[in-house]
$ cat run_24.cif   # mmCIF, C-alpha atoms
data_entry
#
loop_
_atom_site.group_PDB
_atom_site.id
_atom_site.type_symbol
_atom_site.label_atom_id
_atom_site.label_comp_id
_atom_site.auth_asym_id
_atom_site.auth_seq_id
_atom_site.Cartn_x
_atom_site.Cartn_y
_atom_site.Cartn_z
ATOM 1 C CA MET A 1 -128.659 -92.314 -16.300
ATOM 2 C CA PRO A 2 -129.018 -88.988 -18.151
ATOM 3 C CA ARG A 3 -126.089 -87.323 -19.874
ATOM 4 C CA THR A 4 -124.277 -84.571 -18.047
ATOM 5 C CA VAL A 5 -125.927 -81.193 -18.619
ATOM 6 C CA GLU A 6 -123.475 -78.354 -19.293
ATOM 7 C CA LYS A 7 -125.252 -75.913 -16.985
ATOM 8 C CA TRP A 8 -124.033 -78.012 -14.064
ATOM 9 C CA SER A 9 -120.716 -76.623 -12.826
ATOM 10 C CA LEU A 10 -118.014 -78.961 -11.576
ATOM 11 C CA PRO A 11 -118.660 -78.037 -7.911
ATOM 12 C CA SER A 12 -122.370 -78.767 -8.341
ATOM 13 C CA GLN A 13 -121.556 -82.078 -10.003
ATOM 14 C CA MET A 14 -119.232 -82.944 -7.132
ATOM 15 C CA ALA A 15 -122.018 -82.080 -4.688
ATOM 16 C CA ALA A 16 -124.326 -84.443 -6.553
ATOM 17 C CA GLU A 17 -121.783 -87.278 -6.468
ATOM 18 C CA PHE A 18 -121.212 -86.606 -2.766
ATOM 19 C CA ALA A 19 -124.936 -86.690 -1.971
ATOM 20 C CA GLY A 20 -125.719 -89.706 -4.141
ATOM 21 C CA THR A 21 -122.882 -91.772 -2.694
ATOM 22 C CA ALA A 22 -123.842 -90.740 0.834
ATOM 23 C CA ILE A 23 -127.396 -92.003 0.245
ATOM 24 C CA LEU A 24 -125.969 -95.295 -1.010
ATOM 25 C CA ILE A 25 -123.889 -95.774 2.145
ATOM 26 C CA LEU A 26 -126.632 -94.669 4.551
ATOM 27 C CA PHE A 27 -128.778 -97.548 3.314
ATOM 28 C CA GLY A 28 -125.937 -100.012 2.695
ATOM 29 C CA SER A 29 -123.892 -99.683 5.872
ATOM 30 C CA GLY A 30 -127.087 -98.960 7.779
ATOM 31 C CA VAL A 31 -128.659 -102.277 6.883
ATOM 32 C CA VAL A 32 -125.505 -104.209 7.758
ATOM 33 C CA ALA A 33 -125.423 -102.486 11.144
ATOM 34 C CA GLN A 34 -129.045 -103.462 11.699
ATOM 35 C CA VAL A 35 -128.454 -107.089 10.739
ATOM 36 C CA VAL A 36 -125.319 -107.359 12.875
ATOM 37 C CA SER A 37 -127.205 -105.926 15.858
ATOM 38 C CA GLY A 38 -129.762 -108.717 15.490
ATOM 39 C CA GLY A 39 -127.210 -111.379 16.373
ATOM 40 C CA ASP A 40 -127.207 -114.981 15.187
ATOM 41 C CA GLU A 41 -130.981 -115.222 15.324
ATOM 42 C CA GLY A 42 -131.290 -112.826 12.393
ATOM 43 C CA SER A 43 -134.198 -111.077 14.084
ATOM 44 C CA LEU A 44 -133.320 -107.789 12.395
ATOM 45 C CA GLY A 45 -132.573 -109.133 8.928
ATOM 46 C CA ASP A 46 -130.271 -111.406 6.970
ATOM 47 C CA HIS A 47 -128.316 -111.484 3.709
ATOM 48 C CA ASN A 48 -131.513 -110.994 1.734
ATOM 49 C CA SER A 49 -132.293 -107.717 3.450
ATOM 50 C CA ILE A 50 -128.672 -106.638 3.011
ATOM 51 C CA ALA A 51 -128.745 -107.297 -0.728
ATOM 52 C CA TRP A 52 -132.060 -105.490 -1.175
ATOM 53 C CA ALA A 53 -131.054 -102.455 0.888
ATOM 54 C CA TRP A 54 -127.785 -102.039 -1.004
ATOM 55 C CA GLY A 55 -129.686 -102.218 -4.285
ATOM 56 C CA LEU A 56 -132.268 -99.713 -3.096
ATOM 57 C CA GLY A 57 -129.487 -97.446 -1.867
ATOM 58 C CA VAL A 58 -127.939 -97.502 -5.336
ATOM 59 C CA MET A 59 -131.314 -96.750 -6.913
ATOM 60 C CA PHE A 60 -132.025 -93.802 -4.606
ATOM 61 C CA GLY A 61 -128.483 -92.484 -5.056
ATOM 62 C CA ILE A 62 -128.864 -92.537 -8.830
ATOM 63 C CA TYR A 63 -132.154 -90.671 -8.624
ATOM 64 C CA VAL A 64 -130.402 -88.046 -6.468
ATOM 65 C CA ALA A 65 -127.369 -87.481 -8.700
ATOM 66 C CA GLY A 66 -128.525 -88.679 -12.104
ATOM 67 C CA ARG A 67 -129.466 -85.326 -13.618
ATOM 68 C CA ALA A 68 -126.172 -83.690 -12.658
ATOM 69 C CA THR A 69 -123.585 -86.340 -13.554
ATOM 70 C CA GLY A 70 -125.326 -89.516 -14.633
ATOM 71 C CA ALA A 71 -124.747 -90.688 -11.037
ATOM 72 C CA HIS A 72 -121.497 -92.625 -11.111
ATOM 73 C CA LEU A 73 -121.306 -93.037 -7.293
ATOM 74 C CA ASN A 74 -118.358 -95.334 -7.907
ATOM 75 C CA PRO A 75 -114.749 -94.615 -8.955
ATOM 76 C CA ALA A 76 -114.791 -97.762 -11.094
ATOM 77 C CA VAL A 77 -117.649 -96.276 -13.123
ATOM 78 C CA THR A 78 -115.919 -92.906 -13.386
ATOM 79 C CA PHE A 79 -112.614 -94.468 -14.455
ATOM 80 C CA ALA A 80 -114.243 -96.770 -17.017
ATOM 81 C CA PHE A 81 -116.304 -93.928 -18.492
ATOM 82 C CA ALA A 82 -113.177 -91.775 -18.832
ATOM 83 C CA LEU A 83 -111.484 -94.652 -20.682
ATOM 84 C CA PHE A 84 -114.322 -95.741 -22.946
ATOM 85 C CA ARG A 85 -116.932 -92.996 -22.926
ATOM 86 C CA ASP A 86 -116.768 -89.213 -23.243
ATOM 87 C CA LEU A 87 -116.128 -88.283 -19.609
ATOM 88 C CA PRO A 88 -113.328 -85.665 -19.496
ATOM 89 C CA TRP A 89 -110.306 -86.864 -17.552
ATOM 90 C CA LYS A 90 -110.231 -83.565 -15.656
ATOM 91 C CA LYS A 91 -113.410 -84.659 -13.878
ATOM 92 C CA VAL A 92 -112.125 -88.038 -12.697
ATOM 93 C CA LEU A 93 -110.277 -86.975 -9.543
ATOM 94 C CA PRO A 94 -112.953 -84.445 -8.438
ATOM 95 C CA TYR A 95 -115.707 -87.034 -8.903
ATOM 96 C CA VAL A 96 -113.737 -89.704 -7.035
ATOM 97 C CA ALA A 97 -112.930 -87.294 -4.203
ATOM 98 C CA ALA A 98 -116.621 -86.407 -3.876
ATOM 99 C CA GLN A 99 -117.641 -90.079 -3.907
ATOM 100 C CA VAL A 100 -115.138 -91.030 -1.201
ATOM 101 C CA ALA A 101 -116.126 -88.005 0.891
ATOM 102 C CA GLY A 102 -119.817 -88.864 0.615
ATOM 103 C CA ALA A 103 -119.173 -92.458 1.651
ATOM 104 C CA PHE A 104 -116.965 -91.297 4.534
ATOM 105 C CA VAL A 105 -119.492 -88.843 5.956
ATOM 106 C CA ALA A 106 -122.393 -91.293 5.606
ATOM 107 C CA ALA A 107 -120.384 -94.006 7.370
ATOM 108 C CA LEU A 108 -119.657 -91.620 10.232
ATOM 109 C CA LEU A 109 -123.405 -91.071 10.603
ATOM 110 C CA VAL A 110 -124.020 -94.831 10.690
ATOM 111 C CA ARG A 111 -121.198 -95.247 13.202
ATOM 112 C CA TRP A 112 -122.645 -92.514 15.413
ATOM 113 C CA ASN A 113 -126.189 -93.823 15.192
ATOM 114 C CA TYR A 114 -125.256 -97.430 16.005
ATOM 115 C CA ASN A 115 -122.537 -96.649 18.544
ATOM 116 C CA ASP A 116 -124.446 -98.098 21.540
ATOM 117 C CA MET A 117 -125.077 -101.363 19.730
ATOM 118 C CA ILE A 118 -121.503 -101.654 18.498
ATOM 119 C CA THR A 119 -120.110 -100.926 21.952
ATOM 120 C CA ALA A 120 -122.397 -103.521 23.534
ATOM 121 C CA ILE A 121 -121.660 -106.417 21.207
ATOM 122 C CA ASP A 122 -118.087 -105.613 20.167
ATOM 123 C CA PRO A 123 -116.396 -103.242 22.629
ATOM 124 C CA GLU A 124 -112.950 -104.014 21.191
ATOM 125 C CA HIS A 125 -114.062 -103.030 17.666
ATOM 126 C CA THR A 126 -112.942 -106.201 15.942
ATOM 127 C CA THR A 127 -113.809 -107.845 12.641
ATOM 128 C CA ALA A 128 -117.046 -108.995 14.278
ATOM 129 C CA THR A 129 -118.518 -105.593 13.427
ATOM 130 C CA GLN A 130 -115.973 -104.317 10.899
ATOM 131 C CA THR A 131 -118.172 -105.599 8.072
ATOM 132 C CA ILE A 132 -120.694 -102.890 8.926
ATOM 133 C CA PHE A 133 -118.312 -100.469 7.260
ATOM 134 C CA SER A 134 -115.996 -102.323 4.917
ATOM 135 C CA THR A 135 -115.547 -105.699 3.311
ATOM 136 C CA LEU A 136 -113.417 -108.672 4.347
ATOM 137 C CA PRO A 137 -112.531 -111.891 2.510
ATOM 138 C CA GLY A 138 -115.198 -114.500 3.143
ATOM 139 C CA ASN A 139 -117.212 -111.802 4.933
ATOM 140 C CA GLY A 140 -114.801 -112.112 7.827
ATOM 141 C CA THR A 141 -115.704 -115.716 8.652
ATOM 142 C CA LEU A 142 -115.033 -118.033 5.692
ATOM 143 C CA PRO A 143 -111.570 -119.217 4.569
ATOM 144 C CA VAL A 144 -111.156 -117.066 1.447
ATOM 145 C CA GLY A 145 -107.689 -115.924 0.372
ATOM 146 C CA VAL A 146 -106.701 -112.502 -0.934
ATOM 147 C CA GLY A 147 -106.218 -113.836 -4.464
ATOM 148 C CA SER A 148 -109.745 -115.240 -4.591
ATOM 149 C CA ALA A 149 -111.160 -112.013 -3.153
ATOM 150 C CA LEU A 150 -109.322 -109.929 -5.756
ATOM 151 C CA LEU A 151 -110.574 -112.128 -8.590
ATOM 152 C CA ASP A 152 -114.089 -111.882 -7.169
ATOM 153 C CA GLN A 153 -113.919 -108.081 -7.198
ATOM 154 C CA ILE A 154 -112.651 -107.980 -10.767
ATOM 155 C CA ILE A 155 -115.403 -110.283 -12.025
ATOM 156 C CA GLY A 156 -118.184 -108.705 -9.968
ATOM 157 C CA THR A 157 -117.349 -105.168 -11.085
ATOM 158 C CA ALA A 158 -116.988 -106.283 -14.705
ATOM 159 C CA ILE A 159 -120.521 -107.708 -14.500
ATOM 160 C CA LEU A 160 -121.775 -104.471 -12.949
ATOM 161 C CA LEU A 161 -120.286 -102.207 -15.626
ATOM 162 C CA PHE A 162 -121.223 -104.540 -18.483
ATOM 163 C CA LEU A 163 -124.855 -104.383 -17.393
ATOM 164 C CA ILE A 164 -124.850 -100.647 -16.600
ATOM 165 C CA VAL A 165 -123.703 -99.749 -20.104
ATOM 166 C CA ALA A 166 -126.149 -102.261 -21.578
ATOM 167 C CA VAL A 167 -129.076 -100.776 -19.657
ATOM 168 C CA THR A 168 -128.128 -97.180 -20.484
ATOM 169 C CA ASP A 169 -127.260 -97.716 -24.175
ATOM 170 C CA SER A 170 -129.928 -95.774 -26.087
ATOM 171 C CA ARG A 171 -129.088 -97.707 -29.268
ATOM 172 C CA SER A 172 -130.307 -100.957 -27.744
ATOM 173 C CA THR A 173 -133.341 -101.563 -25.504
ATOM 174 C CA PRO A 174 -132.958 -99.154 -22.567
ATOM 175 C CA PRO A 175 -135.690 -98.995 -19.913
ATOM 176 C CA LEU A 176 -138.149 -96.172 -20.478
ATOM 177 C CA ALA A 177 -139.694 -93.495 -18.236
ATOM 178 C CA ASN A 178 -136.610 -92.961 -16.066
ATOM 179 C CA MET A 179 -136.561 -96.582 -14.945
ATOM 180 C CA ALA A 180 -132.802 -97.069 -15.412
ATOM 181 C CA PRO A 181 -132.014 -96.327 -11.725
ATOM 182 C CA PHE A 182 -134.493 -99.007 -10.661
ATOM 183 C CA ILE A 183 -133.000 -101.555 -13.057
ATOM 184 C CA ILE A 184 -129.438 -100.738 -11.981
ATOM 185 C CA GLY A 185 -130.538 -101.180 -8.377
ATOM 186 C CA LEU A 186 -131.795 -104.645 -9.290
ATOM 187 C CA ILE A 187 -128.419 -105.391 -10.897
ATOM 188 C CA VAL A 188 -126.738 -104.660 -7.570
ATOM 189 C CA VAL A 189 -129.285 -106.837 -5.752
ATOM 190 C CA ALA A 190 -128.544 -109.697 -8.154
ATOM 191 C CA ILE A 191 -124.792 -109.311 -7.704
ATOM 192 C CA GLY A 192 -125.341 -109.388 -3.946
ATOM 193 C CA PHE A 193 -127.289 -112.620 -4.256
ATOM 194 C CA ALA A 194 -124.799 -114.303 -6.604
ATOM 195 C CA TRP A 195 -121.394 -112.761 -5.816
ATOM 196 C CA GLY A 196 -121.480 -111.880 -2.122
ATOM 197 C CA THR A 197 -119.467 -114.634 -0.441
ATOM 198 C CA ASN A 198 -115.819 -114.247 -1.424
ATOM 199 C CA ALA A 199 -115.378 -110.529 -0.807
ATOM 200 C CA GLY A 200 -118.670 -108.977 0.257
ATOM 201 C CA TYR A 201 -119.329 -107.514 -3.227
ATOM 202 C CA ALA A 202 -117.853 -104.076 -2.605
ATOM 203 C CA ILE A 203 -117.570 -103.549 -6.418
ATOM 204 C CA ASN A 204 -116.929 -99.887 -5.588
ATOM 205 C CA PRO A 205 -113.694 -98.406 -4.173
ATOM 206 C CA ALA A 206 -115.472 -95.412 -2.600
ATOM 207 C CA ARG A 207 -118.080 -97.639 -0.940
ATOM 208 C CA ASP A 208 -115.272 -99.534 0.796
ATOM 209 C CA PHE A 209 -112.500 -96.992 1.373
ATOM 210 C CA GLY A 210 -114.635 -94.126 2.718
ATOM 211 C CA PRO A 211 -116.375 -96.228 5.409
ATOM 212 C CA ARG A 212 -113.130 -98.088 6.155
ATOM 213 C CA LEU A 213 -111.439 -94.742 6.890
ATOM 214 C CA ALA A 214 -114.416 -93.685 9.025
ATOM 215 C CA SER A 215 -114.186 -96.887 11.045
ATOM 216 C CA PHE A 216 -110.422 -96.500 11.479
ATOM 217 C CA ILE A 217 -110.670 -93.032 13.005
ATOM 218 C CA THR A 218 -113.494 -94.155 15.315
ATOM 219 C CA GLY A 219 -111.761 -97.067 16.993
ATOM 220 C CA TYR A 220 -111.198 -99.860 14.470
ATOM 221 C CA GLY A 221 -107.414 -100.038 14.630
ATOM 222 C CA GLY A 222 -107.309 -103.085 12.355
ATOM 223 C CA ALA A 223 -109.519 -101.586 9.668
ATOM 224 C CA TRP A 224 -106.869 -101.827 6.948
ATOM 225 C CA ARG A 225 -106.287 -105.549 7.524
ATOM 226 C CA ASP A 226 -108.315 -108.704 7.105
ATOM 227 C CA GLN A 227 -109.184 -111.254 9.781
ATOM 228 C CA TYR A 228 -105.858 -113.008 9.126
ATOM 229 C CA GLY A 229 -103.815 -109.879 9.782
ATOM 230 C CA GLY A 230 -102.866 -109.264 6.156
ATOM 231 C CA LEU A 231 -103.108 -105.848 4.519
ATOM 232 C CA TYR A 232 -106.412 -106.003 2.661
ATOM 233 C CA PHE A 233 -107.805 -102.512 2.042
ATOM 234 C CA TRP A 234 -106.312 -102.378 -1.470
ATOM 235 C CA VAL A 235 -108.307 -105.363 -2.755
ATOM 236 C CA PRO A 236 -111.729 -103.594 -3.040
ATOM 237 C CA ILE A 237 -109.924 -100.648 -4.643
ATOM 238 C CA VAL A 238 -107.739 -102.376 -7.229
ATOM 239 C CA GLY A 239 -110.241 -105.124 -8.133
ATOM 240 C CA PRO A 240 -113.076 -102.779 -9.167
ATOM 241 C CA LEU A 241 -110.720 -100.395 -10.996
ATOM 242 C CA VAL A 242 -109.530 -103.363 -13.073
ATOM 243 C CA GLY A 243 -112.915 -105.025 -13.486
ATOM 244 C CA GLY A 244 -114.927 -101.926 -14.411
ATOM 245 C CA PRO A 245 -113.056 -101.140 -17.639
ATOM 246 C CA ILE A 246 -113.074 -104.826 -18.547
ATOM 247 C CA GLY A 247 -116.876 -104.841 -18.328
ATOM 248 C CA VAL A 248 -117.267 -101.796 -20.593
ATOM 249 C CA PHE A 249 -114.656 -103.138 -23.033
ATOM 250 C CA LEU A 250 -116.423 -106.492 -23.308
ATOM 251 C CA TYR A 251 -119.795 -104.837 -23.881
ATOM 252 C CA ASP A 252 -118.383 -102.650 -26.637
ATOM 253 C CA LYS A 253 -116.720 -105.613 -28.365
ATOM 254 C CA LEU A 254 -119.503 -108.160 -27.950
ATOM 255 C CA ILE A 255 -122.592 -105.954 -28.310
ATOM 256 C CA GLY A 256 -121.953 -102.266 -28.841
ATOM 257 C CA ARG A 257 -120.030 -102.480 -32.090
ATOM 258 C CA PHE A 258 -122.933 -104.256 -33.779
ATOM 259 C CA LEU A 259 -125.502 -101.613 -32.822
ATOM 260 C CA PRO A 260 -126.386 -98.611 -35.024
ATOM 261 C CA ASP A 261 -124.542 -95.352 -34.482
ATOM 262 C CA GLU A 262 -127.735 -93.647 -33.318
ATOM 263 C CA ALA A 263 -130.758 -94.773 -31.335
ATOM 264 C CA PRO A 264 -133.309 -96.343 -33.698
ATOM 265 C CA GLU A 265 -136.833 -95.031 -33.983
ATOM 266 C CA GLU A 266 -139.431 -96.841 -31.904
ATOM 267 C CA LEU A 267 -140.389 -100.168 -33.461
ATOM 268 C CA GLU A 268 -143.928 -100.731 -34.634
ATOM 269 C CA PRO A 269 -145.853 -102.922 -32.166
ATOM 270 C CA GLU A 270 -145.915 -105.978 -34.378
ATOM 271 C CA LYS A 271 -142.162 -105.707 -35.037
ATOM 272 C CA ALA A 272 -141.356 -105.186 -31.387
ATOM 273 C CA ALA A 273 -143.244 -108.355 -30.501
ATOM 274 C CA ALA A 274 -141.489 -110.430 -33.155
#
$ encode --input "run_24.cif" --output "structure tokens"
Amino acid sequence: MPRTVEKWSLPSQMAAEFAGTAILILFGSGVVAQVVSGGDEGSLGDHNSIAWAWGLGVMFGIYVAGRATGAHLNPAVTFAFALFRDLPWKKVLPYVAAQVAGAFVAALLVRWNYNDMITAIDPEHTTATQTIFSTLPGNGTLPVGVGSALLDQIIGTAILLFLIVAVTDSRSTPPLANMAPFIIGLIVVAIGFAWGTNAGYAINPARDFGPRLASFITGYGGAWRDQYGGLYFWVPIVGPLVGGPIGVFLYDKLIGRFLPDEAPEELEPEKAAA
């Protein structure tokens, strides 16, 4: 993810965060809508396709916004970078607002596009299709408590941020030729494969809150609650905002502080292979 270029004004950076996050949600919520419409037979996909589409959505979103902002697309990233990197605090709220707005608008498009399917299989707009837009403990079906879901979000987002800063640290072994977005997309795929059960791996407050708000204003009266009736919307907000800084902090303490102050020159072939 490239550094922010000064020629980009704050409004243009907000536009980039809006667009990048919208791309993420168009693929992410879109694939869940497609899988849900396939029913129990899984004829239109399964968890594998969900994990891959979310990862690809992240990759495409980073390619869209990377030159302008570094492509945060996630309030947990923005907050952690303000705490531990050089992101000015004055940009935090504008970036977050743009990310939530992008997720909200994209979710409305998914809702509009899949309205016939949703109406046919879930006319009451219950948790049966709520997961198209936002997360639920145990993906709305398994007996997972709020405490376990919150812990899951903290750990999952810490893993995400730990690996993002590792991949983008020029002092270490960053991917070359603008491959960082692809690698970060794979990180999200891996988290989806390994950390998707307890809380649906939101790992991003904007990814959950924006679509949750879109679903609420389009008929999902219980959007703020889980399948047990408890208030749940705060879990995929608080968990990532706690876990993200933890991930960056751990990277800095375990790895970053032992690296040189500046990126080293390219190793000679025989040294690189050693």
$ resolve_selection --input "run_24.cif" --expression "the PyMOL selection byres ((chain A and resi 91-95) around 7)" --output "VMD selection string"
chain A and resid 14 17 78 to 79 88 to 90 96 to 99
$ residues_around --input "run_24.cif" --residues "segment 173-189 of chain A" --least-positions-apart "3" --cutoff "8 Å" --atoms "all atoms listed in the file" --output "list in words"
Met1, Ala51, Trp52, Trp54, Gly55, Leu56, Gly57, Val58, Met59, Phe60, Ile62, Tyr63, Leu160, Leu163, Ile164, Ala166, Val167, Thr168, Asp169, Ser170, Gly192 and Phe193 of chain A
$ closest_residue --input "run_24.cif" --among "A:Ile159, A:Val100, A:Leu142, A:Leu150" --to "Phe233 of chain A" --atoms "all atoms listed in the file"
A:Leu150
$ closest_residue --input "run_24.cif" --among "A:His47, A:Arg111, A:Lys7, A:Arg85" --to "Trp195 of chain A" --atoms "only C-alpha atoms"
A:His47
$ residues_near_point --input "run_24.cif" --point "(-111.3, -107.0, 6.1)" --cutoff "12 Å" --atoms "only C-alpha atoms" --output "PyMOL selection string"
chain A and resi 126-142+144-146+149+198-200+202+208-209+211-212+215-216+220-236
$ write_last_selection --input "run_24.cif" --atoms "C-alpha atoms" --output "CSV table (one decimal), in the coordinates of the input"
chain,number,residue,atom,x,y,z
A,126,THR,CA,-112.9,-106.2,15.9
A,127,THR,CA,-113.8,-107.8,12.6
A,128,ALA,CA,-117.0,-109.0,14.3
A,129,THR,CA,-118.5,-105.6,13.4
A,130,GLN,CA,-116.0,-104.3,10.9
A,131,THR,CA,-118.2,-105.6,8.1
A,132,ILE,CA,-120.7,-102.9,8.9
A,133,PHE,CA,-118.3,-100.5,7.3
A,134,SER,CA,-116.0,-102.3,4.9
A,135,THR,CA,-115.5,-105.7,3.3
A,136,LEU,CA,-113.4,-108.7,4.3
A,137,PRO,CA,-112.5,-111.9,2.5
A,138,GLY,CA,-115.2,-114.5,3.1
A,139,ASN,CA,-117.2,-111.8,4.9
A,140,GLY,CA,-114.8,-112.1,7.8
A,141,THR,CA,-115.7,-115.7,8.7
A,142,LEU,CA,-115.0,-118.0,5.7
A,144,VAL,CA,-111.2,-117.1,1.4
A,145,GLY,CA,-107.7,-115.9,0.4
A,146,VAL,CA,-106.7,-112.5,-0.9
A,149,ALA,CA,-111.2,-112.0,-3.2
A,198,ASN,CA,-115.8,-114.2,-1.4
A,199,ALA,CA,-115.4,-110.5,-0.8
A,200,GLY,CA,-118.7,-109.0,0.3
A,202,ALA,CA,-117.9,-104.1,-2.6
A,208,ASP,CA,-115.3,-99.5,0.8
A,209,PHE,CA,-112.5,-97.0,1.4
A,211,PRO,CA,-116.4,-96.2,5.4
A,212,ARG,CA,-113.1,-98.1,6.2
A,215,SER,CA,-114.2,-96.9,11.0
A,216,PHE,CA,-110.4,-96.5,11.5
A,220,TYR,CA,-111.2,-99.9,14.5
A,221,GLY,CA,-107.4,-100.0,14.6
A,222,GLY,CA,-107.3,-103.1,12.4
A,223,ALA,CA,-109.5,-101.6,9.7
A,224,TRP,CA,-106.9,-101.8,6.9
A,225,ARG,CA,-106.3,-105.5,7.5
A,226,ASP,CA,-108.3,-108.7,7.1
A,227,GLN,CA,-109.2,-111.3,9.8
A,228,TYR,CA,-105.9,-113.0,9.1
A,229,GLY,CA,-103.8,-109.9,9.8
A,230,GLY,CA,-102.9,-109.3,6.2
A,231,LEU,CA,-103.1,-105.8,4.5
A,232,TYR,CA,-106.4,-106.0,2.7
A,233,PHE,CA,-107.8,-102.5,2.0
A,234,TRP,CA,-106.3,-102.4,-1.5
A,235,VAL,CA,-108.3,-105.4,-2.8
A,236,PRO,CA,-111.7,-103.6,-3.0
$ residues_around --input "run_24.cif" --residues "Val31 of chain A" --least-positions-apart "6" --cutoff "8 Å" --atoms "only C-alpha atoms" --output "ChimeraX atom specification"
/A:49-50,53-54
$ resolve_selection --input "run_24.cif" --expression "the PyMOL selection byres ((chain A and resi 75) around 7)" --output "list of chain:residue names"
A:Leu73, A:Asn74, A:Ala76, A:Val77, A:Thr78, A:Phe79, A:Val96, A:Asn204, A:Pro205, A:Ala206
$ residues_around --input "run_24.cif" --residues "Asp46 of chain A" --least-positions-apart "4" --cutoff "9 Å" --atoms "all atoms listed in the file" --output "MDAnalysis selection string"
chainID A and resid 32 35:36 38 42 50:51
$ resolve_selection --input "run_24.cif" --expression "the PyMOL selection byres ((chain A and resi 246-249) around 10)" --output "PyMOL selection string"
chain A and resi 77+80-81+83-85+154-166+240-245+250-256
$ atom_distance --input "run_24.cif" --atom1 "atom CA of Pro143 of chain A" --atom2 "atom CA of Ile237 of chain A"
20.8 Å
$ closest_residue --input "run_24.cif" --among "A:Leu44, A:Val64, A:Ala33, A:Leu26" --to "Asn115 of chain A" --atoms "only C-alpha atoms"
A:Ala33
$ atom_distance --input "run_24.cif" --atom1 "atom CA of Trp112 of chain A" --atom2 "atom CA of Phe27 of chain A"
14.5 Å
$ atom_distance --input "run_24.cif" --atom1 "atom CA of Tyr201 of chain A" --atom2 "atom CA of Leu213 of chain A"
18.1 Å
$ closest_residue --input "run_24.cif" --among "A:Leu151, A:Gly239, A:Ile118, A:Leu259" --to "Arg171 of chain A" --atoms "only C-alpha atoms"
A:Leu259
